[in-house]
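**Q** Have a look at this one.
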Amino acid sequence: MKYVIIGNGIASIGAIEGIRKVDTENEILVIGSEDSPAYGRPLISYLLAGKIGPERLSLRPKEFYEKSNVTLKLGTTVTGIDTSAKTVSTDKGESIGFDNLLIATGGIPFTPPIPGSDGVDVYNFTNLDHAQQLISKAKDIKRAVVIGGGLIGLKAGESLFDRGVDVTILELSPRILSLAFDENAASLAGARLEEVGLNVRCGVSAKEIQRDSDGNLKGVHLTDGDFLQADAVVIAIGVVPNYNLAKDSGIEVDRGIKVDDNMCTSAEGVFAAGDVAQAKDLLFGDDRVIPIWTNAYNQGFCAGKNMAGSCIEFTGSLAMNSISFYGLPTISVGTVNPPENDASYEVATSLDQKKKSYRKLVFKNDRMVGYVLVGDIDMAGMYTAFVKFQMAVPED
């Protein structure tokens with residue numbers, strides 16, 4: 001039995017640990033396109049901010065791979081999968097056989113067609129290479145524009161600001177973190193960013209990135225007619241599942257790689273996990289791509305155990321975000337913006353502007369299905385348990 005894992009992130013770590021719960025002997029090969037061992041992607045913002053060194057990024061110590069009998073093939077890109085012959089081909093000209101394969105290729109940055117975005121000094125912020133590029137340039141950057149007010153954009157903006165850069169964050173939606181927050185939560189978080197000096201502009205985005213005749217970056221024209229000078233632009237609108245490898249091999253895809261409750265794809269012996277997988281949603285029961293760290297690990301762990309011969313079902317993904325805005329903690333879990341005209345939902349809120357505290361609990365059919373906490377995050381663990389395990393919450 002030979003296990004091959006394409007991708008070297010948190011889902012692959014989960015798969016290794018899942019496999020080794022069942023099979024302690026057979027070979028595991030991990031193929032990663034980056035040169036680094038698996039690292040914590042959420043930590044790259046702290047690296048850019050100068051708060052941690054590169055040694056703090058690793059998800060597991062070097063001994064983990066040796067003890068787990070894992071061979072790492074880094075700096076190598078898989079270029080094709082033959083599901084019939086059960087082989088993968090690489091950019092090194094290799095053909096590697098497998099008995100069971102996991103596709104854990106994650107997501108790739110989404111870049112809208114903004115004129116001028118394909119030149120120098122325009123960056124994404126989803127991997128270590130992006131962070132290192134920005135670190136090497138940071139001392140020469142005085143002004144930066146971040147396009148996107150989601151989690152990636154906010155952390156990129158905060159990291160550059162902590163290095164002394166004048167940062168403006170643009171968000172097309174009426175509020176930052178529009179999927180994870182409601183208006184009250186976003187207002188408190190946005191006010192905290194403004195307090196420390198970060199500029200946040202909602203309801204506007206980039207129309208064009210202006211360059212001079214030599215291709216040097218000059219600034220950003222906005223959709224409201226304004227112009228912002230900039231030495232760097234970070235496009236952080238989000239990521240999309242990196243599923244082309246699967247699609248090209250005939251594996252069924254939709255918004256991501258389609259998997260069943262065992263994380264198996266439409267091809268026998270081929271599994272998928274992490275940000276590339278369209279898997280069961282815990283609350284709604286349908287299949288969705290929910291690119292959250294904990295989901296990626298849990299999917300990988302489930303896939304790994306099933307690759308090694310177990311038969312366990314993935315319990316389902318859950319939307320979760322936890323982020324602190326300069327000392328203002330926030331947590332968002334599950335359904336936080338229910339349909340306004342759906343009477344089956346009940347919402348309880350508490351807002352204290354003076355204390356910068358907001359609490360919102362969302363219920364459906366006597367069960368908690370989501371919550372948002374800003375400032376005062378007491379009870380978050382218990383609330384998450386109620387959401388995750390769908391325990392009844394009687395009215396009394």
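Ordering of the structure tokens sets the chain letters (A, B, ...); residue numbers start at 1 within each chain; ligands are numbered from 1 in the order shown.
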Could you name the residues that touch A:Ser89 at 6 Å or less, counting only C-alpha atoms, but leaving out those on the same chain fewer than 2 positions away, as a PDB file with N, CA, C and O atoms, in the first residue's frame?

**A**
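Generated file (selection15.pdb):
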ATOM      1  N   VAL A  78       2.812  18.701  -9.101  1.00  0.00           N
ATOM      2  CA  VAL A  78       2.135  17.621  -9.822  1.00  0.00           C
ATOM      3  C   VAL A  78       1.446  18.227 -11.035  1.00  0.00           C
ATOM      4  O   VAL A  78       0.696  19.204 -10.925  1.00  0.00           O
ATOM      5  N   THR A  79       1.711  17.661 -12.199  1.00  0.00           N
ATOM      6  CA  THR A  79       1.176  18.212 -13.450  1.00  0.00           C
ATOM      7  C   THR A  79       0.030  17.393 -14.018  1.00  0.00           C
ATOM      8  O   THR A  79      -0.670  17.854 -14.923  1.00  0.00           O
ATOM      9  N   GLY A  80      -0.156  16.176 -13.520  1.00  0.00           N
ATOM     10  CA  GLY A  80      -1.247  15.351 -14.036  1.00  0.00           C
ATOM     11  C   GLY A  80      -1.529  14.150 -13.146  1.00  0.00           C
ATOM     12  O   GLY A  80      -0.663  13.690 -12.400  1.00  0.00           O
ATOM     13  N   GLU A  94       8.764  12.952 -13.524  1.00  0.00           N
ATOM     14  CA  GLU A  94       8.558  11.686 -12.829  1.00  0.00           C
ATOM     15  C   GLU A  94       7.136  11.169 -13.033  1.00  0.00           C
ATOM     16  O   GLU A  94       6.203  11.932 -13.253  1.00  0.00           O
ATOM     17  N   SER A  95       6.995   9.860 -12.932  1.00  0.00           N
ATOM     18  CA  SER A  95       5.690   9.206 -12.862  1.00  0.00           C
ATOM     19  C   SER A  95       5.675   8.386 -11.578  1.00  0.00           C
ATOM     20  O   SER A  95       6.499   7.486 -11.401  1.00  0.00           O
TER      21      SER A  95
END

**Q** Excluding A:Asp248 and any residue of its chain fewer than 6 positions from it, enumerate the residues within 12 Å of it, using only C-alpha atoms, and give them as a ChimeraX atom specification.

**A** /A:79-83,242,257

**Q** Identify, on the basis of only C-alpha atoms, every residue whose closest approach to A:Ser178 does not exceed 9 Å; exclude the query and any residue fewer than 6 positions from it along the same chain; express the result as a list in words.

**A**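 After dropping sequence-adjacent residues, the list is Gly149, Gly150 and Ala186 of chain A.
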
**Q** Only N, CA, C and O atoms, please: the residues just picked out, written as a PDB file, in the first residue's frame.

**A**
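And here's again01.pdb as it stands now:
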ATOM      1  N   GLY A 149     -11.456  43.575   2.080  1.00  0.00           N
ATOM      2  CA  GLY A 149     -11.609  43.743   3.523  1.00  0.00           C
ATOM      3  C   GLY A 149     -12.053  42.481   4.216  1.00  0.00           C
ATOM      4  O   GLY A 149     -12.757  42.530   5.233  1.00  0.00           O
ATOM      5  N   GLY A 150     -11.650  41.334   3.670  1.00  0.00           N
ATOM      6  CA  GLY A 150     -11.883  40.067   4.351  1.00  0.00           C
ATOM      7  C   GLY A 150     -10.731  39.758   5.283  1.00  0.00           C
ATOM      8  O   GLY A 150      -9.876  40.608   5.551  1.00  0.00           O
ATOM      9  N   ALA A 186     -19.037  44.728  12.476  1.00  0.00           N
ATOM     10  CA  ALA A 186     -18.112  45.361  11.537  1.00  0.00           C
ATOM     11  C   ALA A 186     -17.827  46.805  11.939  1.00  0.00           C
ATOM     12  O   ALA A 186     -16.700  47.290  11.795  1.00  0.00           O
TER      13      ALA A 186
END

**Q** For stretch 237-312 of chain A against stretch 25-47 of chain A, with a cut-off of 12 Å and counting only C-alpha atoms, what is the closest atom pair and its distance in Å to one decimal for every residue that makes the cut, ordered by chain and number, as a Markdown table?

**A**
| residue | atom | partner | partner_atom | distance |
| --- | --- | --- | --- | --- |
| A:Ile292 | CA | A:Pro42 | CA | 10.4 |
| A:Trp293 | CA | A:Pro42 | CA | 8.7 |
| A:Thr294 | CA | A:Gly40 | CA | 11.7 |
| A:Tyr297 | CA | A:Gly40 | CA | 11.7 |
| A:Gly304 | CA | A:Ile28 | CA | 10.6 |
| A:Met307 | CA | A:Ile28 | CA | 11.1 |
| A:Ala308 | CA | A:Asn26 | CA | 9.2 |

**Q** What are the DSSP alpha helix (DSSP H) residues of stretch 25-144 of chain A, as a VMD selection string?

**A** chain A and resid 44 to 49 62 to 67 128 to 137

**Q** Pull C-alpha atoms from the residues just selected and write them as a PDB file, in the first residue's frame.

**A**
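Result written to out.pdb:
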ATOM      1  CA  ILE A  44       2.450  34.673   7.769  1.00  0.00           C
ATOM      2  CA  SER A  45       0.817  37.966   8.785  1.00  0.00           C
ATOM      3  CA  TYR A  46       2.780  37.861  12.065  1.00  0.00           C
ATOM      4  CA  LEU A  47       5.945  37.137  10.080  1.00  0.00           C
ATOM      5  CA  LEU A  48       5.298  40.154   7.841  1.00  0.00           C
ATOM      6  CA  ALA A  49       4.606  42.314  10.896  1.00  0.00           C
ATOM      7  CA  LYS A  62      11.135  17.934  11.578  1.00  0.00           C
ATOM      8  CA  GLU A  63      11.026  14.718  13.613  1.00  0.00           C
ATOM      9  CA  PHE A  64       7.291  14.425  12.899  1.00  0.00           C
ATOM     10  CA  TYR A  65       7.931  13.294   9.327  1.00  0.00           C
ATOM     11  CA  GLU A  66      10.643  10.837  10.341  1.00  0.00           C
ATOM     12  CA  LYS A  67       8.556   9.328  13.127  1.00  0.00           C
ATOM     13  CA  LEU A 128       5.090  32.330   2.541  1.00  0.00           C
ATOM     14  CA  ASP A 129       6.628  33.501  -0.736  1.00  0.00           C
ATOM     15  CA  HIS A 130       4.188  36.421  -0.896  1.00  0.00           C
ATOM     16  CA  ALA A 131       5.053  37.432   2.668  1.00  0.00           C
ATOM     17  CA  GLN A 132       8.795  37.235   2.018  1.00  0.00           C
ATOM     18  CA  GLN A 133       8.451  39.408  -1.087  1.00  0.00           C
ATOM     19  CA  LEU A 134       6.657  42.051   0.957  1.00  0.00           C
ATOM     20  CA  ILE A 135       9.191  41.811   3.791  1.00  0.00           C
ATOM     21  CA  SER A 136      12.059  42.422   1.366  1.00  0.00           C
ATOM     22  CA  LYS A 137      10.247  45.484  -0.017  1.00  0.00           C
TER      23      LYS A 137
END

**Q** Quote the spacing between atom CA of A:Lys92 and atom CA of A:Tyr3 in Å to one decimal place.

**A**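 Pair atom CA of A:Lys92 / atom CA of A:Tyr3 returns 19.5 Å.
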
**Q** As an MDAnalysis selection string, please: the residues near A:Arg201 (cut-off 12 Å, only C-alpha atoms, same-chain neighbours under 6 positions excluded).

**A** chainID A and resid 145:149 154 167:176 187 190:191 193:194 222:224 226 228

**Q** Could you save those same residues with N, CA, C and O atoms as a compact mmCIF listing (two decimals), in the first residue's frame?

**A**
# COMPACT_ATOMS: atom_id res chain seq x y z
N VAL A 145 -1.97 50.13 -0.64
CA VAL A 145 -3.41 49.95 -0.77
C VAL A 145 -3.70 48.45 -0.76
O VAL A 145 -3.07 47.69 -1.51
N VAL A 146 -4.60 48.04 0.12
CA VAL A 146 -5.01 46.64 0.19
C VAL A 146 -6.42 46.54 -0.38
O VAL A 146 -7.34 47.21 0.12
N ILE A 147 -6.59 45.74 -1.41
CA ILE A 147 -7.90 45.56 -2.04
C ILE A 147 -8.54 44.31 -1.46
O ILE A 147 -8.10 43.19 -1.71
N GLY A 148 -9.55 44.50 -0.64
CA GLY A 148 -10.23 43.39 0.01
C GLY A 148 -10.26 43.53 1.51
O GLY A 148 -9.20 43.64 2.14
N GLY A 149 -11.46 43.58 2.08
CA GLY A 149 -11.61 43.74 3.52
C GLY A 149 -12.05 42.48 4.22
O GLY A 149 -12.76 42.53 5.23
N LEU A 154 -7.41 42.15 5.79
CA LEU A 154 -7.24 42.85 7.07
C LEU A 154 -5.91 42.49 7.73
O LEU A 154 -5.22 43.36 8.28
N VAL A 167 -1.45 52.62 5.38
CA VAL A 167 -2.26 51.60 4.70
C VAL A 167 -3.71 52.06 4.56
O VAL A 167 -4.31 52.58 5.50
N THR A 168 -4.26 51.84 3.37
CA THR A 168 -5.69 52.02 3.13
C THR A 168 -6.26 50.69 2.65
O THR A 168 -5.75 50.10 1.69
N ILE A 169 -7.31 50.23 3.33
CA ILE A 169 -7.99 48.97 2.96
C ILE A 169 -9.28 49.32 2.24
O ILE A 169 -10.09 50.11 2.73
N LEU A 170 -9.48 48.74 1.06
CA LEU A 170 -10.69 48.96 0.27
C LEU A 170 -11.58 47.72 0.34
O LEU A 170 -11.10 46.61 0.15
N GLU A 171 -12.86 47.92 0.60
CA GLU A 171 -13.81 46.81 0.64
C GLU A 171 -15.07 47.21 -0.13
O GLU A 171 -15.74 48.19 0.23
N LEU A 172 -15.39 46.46 -1.16
CA LEU A 172 -16.53 46.79 -2.02
C LEU A 172 -17.86 46.68 -1.28
O LEU A 172 -18.80 47.44 -1.55
N SER A 173 -17.96 45.72 -0.34
CA SER A 173 -19.19 45.56 0.43
C SER A 173 -19.37 46.74 1.38
O SER A 173 -18.43 47.49 1.65
N PRO A 174 -20.56 46.89 1.94
CA PRO A 174 -20.80 48.00 2.87
C PRO A 174 -20.03 47.88 4.18
O PRO A 174 -19.97 48.83 4.95
N ARG A 175 -19.44 46.70 4.46
CA ARG A 175 -18.72 46.50 5.72
C ARG A 175 -17.59 45.50 5.53
O ARG A 175 -17.61 44.69 4.60
N ILE A 176 -16.60 45.55 6.42
CA ILE A 176 -15.52 44.57 6.40
C ILE A 176 -16.04 43.22 6.89
O ILE A 176 -17.03 43.15 7.61
N SER A 187 -18.85 47.50 12.46
CA SER A 187 -18.67 48.89 12.87
C SER A 187 -17.68 49.00 14.02
O SER A 187 -16.80 49.87 14.02
N GLY A 190 -14.17 48.06 12.61
CA GLY A 190 -13.67 49.12 11.75
C GLY A 190 -13.24 50.35 12.54
O GLY A 190 -12.23 50.99 12.23
N ALA A 191 -14.03 50.69 13.58
CA ALA A 191 -13.69 51.83 14.42
C ALA A 191 -12.37 51.61 15.14
O ALA A 191 -11.57 52.55 15.30
N LEU A 193 -9.82 49.82 14.04
CA LEU A 193 -8.76 49.99 13.05
C LEU A 193 -8.51 51.47 12.78
O LEU A 193 -7.36 51.91 12.67
N GLU A 194 -9.57 52.23 12.66
CA GLU A 194 -9.43 53.67 12.44
C GLU A 194 -8.74 54.35 13.62
O GLU A 194 -7.95 55.28 13.44
N LEU A 222 -9.95 54.77 -7.81
CA LEU A 222 -11.06 54.09 -7.14
C LEU A 222 -12.36 54.22 -7.92
O LEU A 222 -12.50 55.11 -8.77
N THR A 223 -13.30 53.35 -7.61
CA THR A 223 -14.59 53.36 -8.31
C THR A 223 -15.42 54.60 -7.99
O THR A 223 -16.37 54.90 -8.70
N ASP A 224 -15.07 55.32 -6.92
CA ASP A 224 -15.81 56.54 -6.59
C ASP A 224 -15.14 57.80 -7.15
O ASP A 224 -15.52 58.92 -6.83
N ASP A 226 -11.95 58.73 -6.72
CA ASP A 226 -10.79 59.17 -5.94
C ASP A 226 -9.52 58.49 -6.46
O ASP A 226 -9.58 57.50 -7.22
N LEU A 228 -5.59 57.18 -4.96
CA LEU A 228 -4.70 56.97 -3.83
C LEU A 228 -3.29 56.68 -4.33
O LEU A 228 -3.08 55.75 -5.12

**Q** Report as a ChimeraX atom specification all protein, DNA and RNA residues lying within 12 Å of A:Phe363, evaluated on only C-alpha atoms, omitting residues in the same chain fewer than 3 positions from it.

**A** /A:283,334-338,342-349,360,366-371,383,386-387,390-395

**Q** May I have the residues within 8 Å of A:Asn321 as a list in words, using only C-alpha atoms and disregarding those fewer than 6 positions away in the same chain?

**A**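 Those residues are Ala180, Ile292, Ile331, Ser332 and Val333 of chain A.
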
**Q** Taking 5 positions as the minimum chain separation for residues in the same chain, which residues sit within 6 Å of A:Ala279 when counting only C-alpha atoms? Answer as a list of chain:residue names.

**A**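 That gives A:Val259, A:Asp287, A:Arg288.
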
**Q** Mind pulling up the distance from atom CA of A:Gly327 to atom CA of A:Asp376?

**A**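 Interatomic distance, atom CA of A:Asp376 to atom CA of A:Gly327: 11.3 Å.
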
**Q** Using only C-alpha atoms, find the one residue out of A:Leu198, A:Ile6, A:Ala11, A:Ile235 that sits nearest to A:Asn298.

**A**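 Ranking A:Leu198, A:Ile6, A:Ala11, A:Ile235 by distance to A:Asn298, first place goes to A:Ala11.
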
**Q** Select from stretch 224-352 of chain A everything DSSP, run on the backbone, classes as strand (DSSP E), then give the selection as an MDAnalysis selection string.

**A** chainID A and resid 227:229 232:235 239:241 257:258 270:272 277:280 287:288 320:325 328:334 345:352

**Q** Just give me the gap between atom CA of A:Arg211 and atom CA of A:Lys142 in Å, one decimal is fine.

**A** 16.7 Å
